[in-house]
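Colleague: Here you go, data.txt (compact mmCIF, N, CA and C atoms):
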```txt
# COMPACT_ATOMS: atom_id res chain seq x y z
N MET A 1 -30.35 -15.94 -3.49
CA MET A 1 -29.74 -16.25 -4.77
C MET A 1 -28.33 -16.76 -4.54
N GLN A 2 -28.02 -17.92 -5.07
CA GLN A 2 -26.71 -18.53 -4.93
C GLN A 2 -25.73 -17.87 -5.92
N SER A 3 -24.56 -17.53 -5.42
CA SER A 3 -23.55 -16.90 -6.26
C SER A 3 -22.73 -17.97 -6.97
N SER A 4 -22.30 -17.68 -8.18
CA SER A 4 -21.45 -18.61 -8.91
C SER A 4 -19.97 -18.35 -8.61
N LEU A 5 -19.69 -17.37 -7.75
CA LEU A 5 -18.32 -17.06 -7.41
C LEU A 5 -17.81 -18.01 -6.33
N TYR A 6 -16.50 -18.16 -6.27
CA TYR A 6 -15.90 -18.89 -5.17
C TYR A 6 -16.12 -18.08 -3.90
N PRO A 7 -16.15 -18.73 -2.74
CA PRO A 7 -16.43 -18.00 -1.49
C PRO A 7 -15.52 -16.79 -1.26
N GLU A 8 -14.24 -16.92 -1.55
CA GLU A 8 -13.33 -15.79 -1.35
C GLU A 8 -13.65 -14.65 -2.31
N GLN A 9 -14.01 -14.99 -3.55
CA GLN A 9 -14.40 -13.96 -4.51
C GLN A 9 -15.68 -13.26 -4.08
N GLU A 10 -16.60 -14.04 -3.51
CA GLU A 10 -17.87 -13.47 -3.04
C GLU A 10 -17.62 -12.48 -1.90
N LEU A 11 -16.70 -12.80 -0.99
CA LEU A 11 -16.37 -11.86 0.08
C LEU A 11 -15.78 -10.56 -0.49
N LYS A 12 -14.93 -10.68 -1.48
CA LYS A 12 -14.35 -9.48 -2.11
C LYS A 12 -15.44 -8.67 -2.81
N ARG A 13 -16.35 -9.36 -3.51
CA ARG A 13 -17.44 -8.66 -4.19
C ARG A 13 -18.32 -7.92 -3.18
N ARG A 14 -18.63 -8.60 -2.08
CA ARG A 14 -19.47 -8.01 -1.04
C ARG A 14 -18.76 -6.79 -0.43
N THR A 15 -17.46 -6.90 -0.23
CA THR A 15 -16.68 -5.79 0.32
C THR A 15 -16.67 -4.60 -0.63
N LEU A 16 -16.50 -4.85 -1.91
CA LEU A 16 -16.52 -3.75 -2.89
C LEU A 16 -17.89 -3.07 -2.94
N ALA A 17 -18.95 -3.87 -2.84
CA ALA A 17 -20.31 -3.29 -2.85
C ALA A 17 -20.50 -2.38 -1.64
N TRP A 18 -20.04 -2.82 -0.47
CA TRP A 18 -20.13 -1.99 0.73
C TRP A 18 -19.23 -0.76 0.62
N ALA A 19 -18.07 -0.91 0.01
CA ALA A 19 -17.16 0.23 -0.15
C ALA A 19 -17.83 1.34 -0.95
N VAL A 20 -18.55 0.97 -2.00
CA VAL A 20 -19.27 1.96 -2.80
C VAL A 20 -20.33 2.65 -1.94
N ARG A 21 -21.08 1.85 -1.20
CA ARG A 21 -22.15 2.40 -0.36
C ARG A 21 -21.60 3.33 0.73
N LEU A 22 -20.44 2.97 1.30
CA LEU A 22 -19.83 3.77 2.36
C LEU A 22 -18.94 4.90 1.82
N ARG A 23 -18.76 4.91 0.51
CA ARG A 23 -17.92 5.91 -0.15
C ARG A 23 -16.48 5.90 0.39
N VAL A 24 -15.93 4.71 0.45
CA VAL A 24 -14.52 4.54 0.81
C VAL A 24 -13.84 3.76 -0.30
N ASN A 25 -12.53 3.83 -0.34
CA ASN A 25 -11.79 3.18 -1.42
C ASN A 25 -10.63 2.37 -0.85
N PRO A 26 -10.88 1.11 -0.51
CA PRO A 26 -9.76 0.30 -0.03
C PRO A 26 -8.76 0.07 -1.16
N ARG A 27 -7.49 0.14 -0.84
CA ARG A 27 -6.46 -0.07 -1.87
C ARG A 27 -6.36 -1.53 -2.25
N VAL A 28 -6.44 -2.40 -1.25
CA VAL A 28 -6.33 -3.84 -1.49
C VAL A 28 -7.36 -4.54 -0.59
N ILE A 29 -8.00 -5.57 -1.14
CA ILE A 29 -8.88 -6.42 -0.34
C ILE A 29 -8.31 -7.83 -0.43
N ARG A 30 -7.93 -8.35 0.74
CA ARG A 30 -7.34 -9.70 0.79
C ARG A 30 -8.25 -10.60 1.60
N VAL A 31 -8.28 -11.86 1.21
CA VAL A 31 -8.97 -12.89 1.98
C VAL A 31 -7.93 -13.96 2.24
N GLN A 32 -7.69 -14.25 3.52
CA GLN A 32 -6.66 -15.21 3.87
C GLN A 32 -7.01 -15.89 5.19
N ALA A 33 -6.30 -16.95 5.49
CA ALA A 33 -6.51 -17.65 6.75
C ALA A 33 -6.09 -16.73 7.89
N MET A 34 -6.98 -16.58 8.86
CA MET A 34 -6.70 -15.79 10.06
C MET A 34 -7.25 -16.59 11.24
N THR A 35 -6.46 -16.76 12.28
CA THR A 35 -6.92 -17.59 13.39
C THR A 35 -7.45 -16.77 14.56
N ARG A 36 -7.06 -15.52 14.68
CA ARG A 36 -7.43 -14.75 15.85
C ARG A 36 -8.45 -13.64 15.58
N LYS A 37 -8.55 -13.20 14.34
CA LYS A 37 -9.45 -12.09 14.01
C LYS A 37 -10.29 -12.44 12.79
N TRP A 38 -11.42 -11.77 12.67
CA TRP A 38 -12.26 -11.94 11.49
C TRP A 38 -11.84 -11.00 10.37
N GLY A 39 -11.18 -9.90 10.72
CA GLY A 39 -10.75 -8.95 9.70
C GLY A 39 -9.80 -7.93 10.29
N SER A 40 -9.17 -7.17 9.39
CA SER A 40 -8.30 -6.08 9.83
C SER A 40 -8.24 -5.02 8.74
N CYS A 41 -7.79 -3.84 9.15
CA CYS A 41 -7.66 -2.70 8.23
C CYS A 41 -6.36 -2.00 8.56
N THR A 42 -5.55 -1.74 7.56
CA THR A 42 -4.30 -1.02 7.79
C THR A 42 -4.47 0.45 7.45
N SER A 43 -3.58 1.27 7.97
CA SER A 43 -3.62 2.71 7.67
C SER A 43 -3.31 2.96 6.19
N ALA A 44 -2.70 1.99 5.52
CA ALA A 44 -2.42 2.13 4.09
C ALA A 44 -3.63 1.76 3.23
N GLY A 45 -4.72 1.30 3.88
CA GLY A 45 -5.94 1.02 3.13
C GLY A 45 -6.14 -0.42 2.72
N THR A 46 -5.40 -1.34 3.32
CA THR A 46 -5.57 -2.76 3.02
C THR A 46 -6.60 -3.37 3.96
N ILE A 47 -7.62 -3.97 3.40
CA ILE A 47 -8.64 -4.68 4.16
C ILE A 47 -8.33 -6.17 4.02
N THR A 48 -8.19 -6.84 5.15
CA THR A 48 -7.95 -8.28 5.16
C THR A 48 -9.11 -8.95 5.89
N LEU A 49 -9.67 -9.97 5.26
CA LEU A 49 -10.78 -10.72 5.84
C LEU A 49 -10.39 -12.18 6.01
N ALA A 50 -10.87 -12.79 7.08
CA ALA A 50 -10.60 -14.21 7.33
C ALA A 50 -11.33 -15.05 6.30
N SER A 51 -10.65 -16.02 5.75
CA SER A 51 -11.27 -16.86 4.72
C SER A 51 -12.48 -17.62 5.26
N ASP A 52 -12.48 -17.98 6.54
CA ASP A 52 -13.63 -18.71 7.08
C ASP A 52 -14.83 -17.79 7.35
N LEU A 53 -14.67 -16.49 7.13
CA LEU A 53 -15.81 -15.58 7.22
C LEU A 53 -16.85 -15.94 6.16
N ALA A 54 -16.40 -16.54 5.06
CA ALA A 54 -17.31 -16.94 3.98
C ALA A 54 -18.33 -17.96 4.46
N GLU A 55 -18.03 -18.68 5.54
CA GLU A 55 -18.94 -19.69 6.08
C GLU A 55 -19.95 -19.09 7.07
N ALA A 56 -19.76 -17.83 7.44
CA ALA A 56 -20.65 -17.17 8.40
C ALA A 56 -21.90 -16.66 7.69
N SER A 57 -22.88 -16.23 8.47
CA SER A 57 -24.12 -15.71 7.89
C SER A 57 -23.84 -14.40 7.16
N PRO A 58 -24.64 -14.07 6.14
CA PRO A 58 -24.45 -12.81 5.42
C PRO A 58 -24.50 -11.59 6.35
N LYS A 59 -25.35 -11.63 7.36
CA LYS A 59 -25.45 -10.51 8.30
C LYS A 59 -24.14 -10.32 9.07
N PHE A 60 -23.55 -11.43 9.51
CA PHE A 60 -22.28 -11.36 10.23
C PHE A 60 -21.16 -10.92 9.28
N GLN A 61 -21.17 -11.40 8.04
CA GLN A 61 -20.20 -10.95 7.04
C GLN A 61 -20.27 -9.44 6.87
N ASP A 62 -21.51 -8.92 6.73
CA ASP A 62 -21.68 -7.49 6.56
C ASP A 62 -21.15 -6.72 7.77
N PHE A 63 -21.41 -7.23 8.96
CA PHE A 63 -20.89 -6.59 10.17
C PHE A 63 -19.37 -6.46 10.13
N VAL A 64 -18.68 -7.55 9.82
CA VAL A 64 -17.21 -7.53 9.79
C VAL A 64 -16.71 -6.62 8.67
N ILE A 65 -17.31 -6.73 7.51
CA ILE A 65 -16.89 -5.92 6.36
C ILE A 65 -17.08 -4.44 6.64
N VAL A 66 -18.26 -4.06 7.11
CA VAL A 66 -18.53 -2.65 7.39
C VAL A 66 -17.60 -2.14 8.49
N HIS A 67 -17.40 -2.95 9.52
CA HIS A 67 -16.49 -2.58 10.62
C HIS A 67 -15.12 -2.20 10.07
N GLU A 68 -14.57 -3.06 9.22
CA GLU A 68 -13.24 -2.79 8.68
C GLU A 68 -13.24 -1.61 7.72
N LEU A 69 -14.25 -1.49 6.88
CA LEU A 69 -14.30 -0.37 5.93
C LEU A 69 -14.46 0.97 6.63
N ILE A 70 -15.22 1.03 7.70
CA ILE A 70 -15.38 2.29 8.44
C ILE A 70 -14.04 2.75 9.00
N HIS A 71 -13.17 1.79 9.32
CA HIS A 71 -11.84 2.17 9.81
C HIS A 71 -11.04 2.95 8.77
N LEU A 72 -11.41 2.90 7.51
CA LEU A 72 -10.73 3.72 6.50
C LEU A 72 -11.02 5.20 6.72
N ARG A 73 -12.14 5.50 7.36
CA ARG A 73 -12.50 6.89 7.69
C ARG A 73 -12.25 7.23 9.15
N VAL A 74 -12.52 6.29 10.03
CA VAL A 74 -12.43 6.53 11.48
C VAL A 74 -11.53 5.45 12.08
N PRO A 75 -10.31 5.78 12.46
CA PRO A 75 -9.38 4.75 12.92
C PRO A 75 -9.67 4.17 14.30
N THR A 76 -10.45 4.87 15.12
CA THR A 76 -10.71 4.40 16.48
C THR A 76 -12.13 3.86 16.60
N HIS A 77 -12.45 3.32 17.77
CA HIS A 77 -13.80 2.82 18.03
C HIS A 77 -14.61 3.81 18.86
N GLY A 78 -14.41 5.08 18.60
CA GLY A 78 -15.09 6.13 19.36
C GLY A 78 -16.54 6.33 18.95
N ARG A 79 -17.10 7.47 19.38
CA ARG A 79 -18.53 7.75 19.14
C ARG A 79 -18.90 7.79 17.66
N LEU A 80 -18.07 8.43 16.85
CA LEU A 80 -18.37 8.52 15.43
C LEU A 80 -18.38 7.13 14.80
N PHE A 81 -17.40 6.32 15.14
CA PHE A 81 -17.34 4.95 14.62
C PHE A 81 -18.62 4.20 14.99
N LYS A 82 -19.02 4.27 16.24
CA LYS A 82 -20.21 3.56 16.71
C LYS A 82 -21.48 4.09 16.05
N ALA A 83 -21.55 5.39 15.82
CA ALA A 83 -22.71 5.97 15.15
C ALA A 83 -22.81 5.47 13.71
N LEU A 84 -21.68 5.40 13.02
CA LEU A 84 -21.68 4.89 11.65
C LEU A 84 -22.04 3.41 11.61
N MET A 85 -21.54 2.65 12.55
CA MET A 85 -21.91 1.23 12.63
C MET A 85 -23.42 1.09 12.83
N SER A 86 -24.00 1.90 13.72
CA SER A 86 -25.44 1.84 13.97
C SER A 86 -26.24 2.24 12.74
N LEU A 87 -25.72 3.18 11.98
CA LEU A 87 -26.40 3.63 10.76
C LEU A 87 -26.44 2.53 9.70
N TYR A 88 -25.30 1.87 9.50
CA TYR A 88 -25.19 0.90 8.41
C TYR A 88 -25.50 -0.54 8.81
N VAL A 89 -25.30 -0.88 10.07
CA VAL A 89 -25.55 -2.25 10.53
C VAL A 89 -26.37 -2.18 11.82
N PRO A 90 -27.67 -1.94 11.70
CA PRO A 90 -28.50 -1.91 12.91
C PRO A 90 -28.36 -3.23 13.66
N GLY A 91 -28.27 -3.14 14.97
CA GLY A 91 -28.11 -4.34 15.79
C GLY A 91 -26.69 -4.87 15.82
N TRP A 92 -25.74 -4.04 15.41
CA TRP A 92 -24.35 -4.49 15.32
C TRP A 92 -23.76 -4.90 16.66
N ARG A 93 -24.27 -4.35 17.75
CA ARG A 93 -23.70 -4.68 19.08
C ARG A 93 -23.88 -6.16 19.41
N LYS A 94 -25.01 -6.74 19.02
CA LYS A 94 -25.21 -8.18 19.23
C LYS A 94 -24.22 -8.98 18.38
N LEU A 95 -23.99 -8.51 17.17
CA LEU A 95 -23.03 -9.18 16.30
C LEU A 95 -21.61 -9.03 16.84
N ASP A 96 -21.33 -7.92 17.49
CA ASP A 96 -20.01 -7.70 18.08
C ASP A 96 -19.75 -8.73 19.18
N ILE A 97 -20.79 -9.03 19.96
CA ILE A 97 -20.66 -10.07 20.99
C ILE A 97 -20.43 -11.43 20.31
N GLN A 98 -21.17 -11.67 19.24
CA GLN A 98 -21.01 -12.93 18.49
C GLN A 98 -19.60 -13.05 17.92
N ARG A 99 -19.03 -11.94 17.54
CA ARG A 99 -17.68 -11.94 16.96
C ARG A 99 -16.68 -12.58 17.91
N HIS A 100 -16.88 -12.36 19.20
CA HIS A 100 -15.95 -12.90 20.19
C HIS A 100 -16.28 -14.34 20.57
N THR A 101 -17.51 -14.77 20.32
CA THR A 101 -17.92 -16.10 20.76
C THR A 101 -18.17 -17.07 19.62
N ALA A 102 -18.22 -16.57 18.38
CA ALA A 102 -18.53 -17.44 17.25
C ALA A 102 -17.43 -18.47 17.05
N PRO A 103 -17.82 -19.74 16.86
CA PRO A 103 -16.80 -20.77 16.63
C PRO A 103 -16.12 -20.54 15.29
N ARG A 104 -14.84 -20.71 15.28
CA ARG A 104 -14.08 -20.56 14.04
C ARG A 104 -14.08 -21.90 13.31
N SER A 105 -13.87 -21.85 12.04
CA SER A 105 -13.83 -23.06 11.23
C SER A 105 -12.75 -24.00 11.75
N SER A 106 -13.07 -25.27 11.76
CA SER A 106 -12.08 -26.24 12.21
C SER A 106 -11.09 -26.55 11.10
N ARG A 107 -11.40 -26.07 9.91
CA ARG A 107 -10.48 -26.30 8.79
C ARG A 107 -9.32 -25.32 8.88
N ARG A 108 -8.17 -25.80 9.02
CA ARG A 108 -6.97 -24.99 9.03
C ARG A 108 -6.02 -25.55 7.99
N ARG A 109 -5.26 -24.69 7.40
CA ARG A 109 -4.29 -25.18 6.44
C ARG A 109 -3.24 -26.01 7.16
N GLN A 110 -3.05 -27.19 6.69
CA GLN A 110 -2.05 -28.06 7.28
C GLN A 110 -0.73 -27.82 6.57
N PRO A 111 0.38 -27.82 7.32
CA PRO A 111 1.67 -27.62 6.67
C PRO A 111 1.95 -28.75 5.68
N VAL A 112 2.57 -28.39 4.60
CA VAL A 112 2.93 -29.38 3.59
C VAL A 112 4.20 -30.09 4.03
N ARG A 113 4.13 -31.38 4.07
CA ARG A 113 5.31 -32.16 4.48
C ARG A 113 6.01 -32.71 3.26
N ALA A 114 7.31 -32.55 3.26
CA ALA A 114 8.10 -33.00 2.11
C ALA A 114 8.49 -34.44 2.25
```
As structure tokens - that is how I would like this structure written.

Modeller:
Amino acid sequence: MQSSLYPEQELKRRTLAWAVRLRVNPRVIRVQAMTRKWGSCTSAGTITLASDLAEASPKFQDFVIVHELIHLRVPTHGRLFKALMSLYVPGWRKLDIQRHTAPRSSRRRQPVRA
């Protein structure tokens, strides 16, 4: 089913849906240009997702979103983190490899010249 939302809005909607399922409450969900990471999570509860994540497959989007949301409960990548990832995103280890090798969007914001 095609969403009528803009891609960035769809990522936020998807993140909120996962937050309910994972029983976490991010304070802020941001979507912005990121060149080195697909997402991040701060100790203050801000989830930031790369805007070009919207161009990735839904399965990969879920992997990144769940990864960042789990950090609201488990700050490290230890056993508990990995167990939760396996519970919510079966096959996540293959997606983790893809995370490092997936081509990033060639669209980058160009500086505005006066």

Colleague: Mind pulling up the distance from CA of Ala54 (chain A) to atom N of Thr35 (chain A)?

Modeller: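 We find that atom N of Thr35 (chain A) and CA of Ala54 (chain A) lie 13.7 Å from each other.
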
Colleague: What parts of region 36-69 of chain A does DSSP call strand (DSSP E or B)? I'd like the answer as a list in words.

Modeller: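 Result set for region 36-69 of chain A (strand (DSSP E or B)): Gly39, Ser40, Cys41, Thr46, Ile47, Thr48, Leu49 and Ala50 of chain A.
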
Colleague: Which value, in Å to one decimal, gives the distance between atom C of Ser86 (chain A) and CA of Leu22 (chain A)?

Modeller: 12.3 Å

Colleague: Rounded to one decimal in Å, what is the spacing between CA of Leu49 (chain A) and CA of Gln9 (chain A)?

Modeller: 11.4 Å

Colleague: Using all atoms listed in the file, find the one residue out of A:Ile47, A:Met85, A:Leu95, A:Val28 that sits nearest to Phe60 (chain A).

Modeller: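 Residue with the minimum atom-to-atom distance to Phe60 (chain A): A:Leu95.
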
Colleague: Go through chain A and collect every residue that DSSP, computed from the backbone, puts in helix (DSSP H, G or I); the answer should be as JSON, numbers by chain.

Modeller: {"A": [7, 8, 9, 10, 11, 12, 13, 14, 15, 16, 17, 18, 19, 20, 21, 22, 51, 52, 53, 54, 55, 58, 59, 60, 61, 62, 63, 64, 65, 66, 67, 68, 69, 70, 79, 80, 81, 82, 83, 84, 85, 86, 87, 88, 92, 93, 94, 95, 96, 97, 98, 99, 100, 101]}

Colleague: Could you check which of A:Ala33, A:Leu84, A:Val89, A:Cys41 is closest to Lys59 (chain A), using only C-alpha atoms?

Modeller: A:Val89

Colleague: Looking at only C-alpha atoms, which of A:His77, A:Arg21, A:Arg36, A:His71 is the one that sits closest to Arg99 (chain A)?

Modeller: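 Of A:His77, A:Arg21, A:Arg36, A:His71, the one nearest Arg99 (chain A) is A:Arg36, counting only C-alpha atoms.
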
Colleague: Which residue gives the smallest distance to Ile70 (chain A) among A:Lys82, A:Tyr6, A:Pro58, A:Lys37, with only C-alpha atoms counted?

Modeller: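 Among the listed residues, A:Lys82 lies closest to Ile70 (chain A).
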
Colleague: From the set A:Gly45, A:Pro90, A:Pro75, A:Gly39, which residue has the shortest atom-to-atom contact distance to Ala19 (chain A), counting only C-alpha atoms?

Modeller: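 For Ala19 (chain A), the nearest of the given residues is A:Gly45.
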
Colleague: From the list A:His100, A:Lys12, A:Arg23, A:Arg93, which residue is nearest Ser51 (chain A) when using only C-alpha atoms?

Modeller: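 Going through A:His100, A:Lys12, A:Arg23, A:Arg93 one by one, the smallest distance to Ser51 (chain A) is for A:Lys12.
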
Colleague: Taking all atoms of region 76-89 of chain A that the file lists, what box with edges along x, y and z, padded by 5 Å per side, do you get, with centre and edge lengths in Å to one decimal, as AutoDock Vina command-line options?

Modeller:
```
--center_x -18.4 --center_y 3.1 --center_z 13.9 --size_x 26.0 --size_y 20.8 --size_z 21.0
```

Colleague: Can you pull out the residues contacting Ala50 (chain A)? Cut-off 5 Å, using all atoms listed in the file, and skip same-chain residues under 6 positions away; I want them as a count of residues only.

Modeller: 4
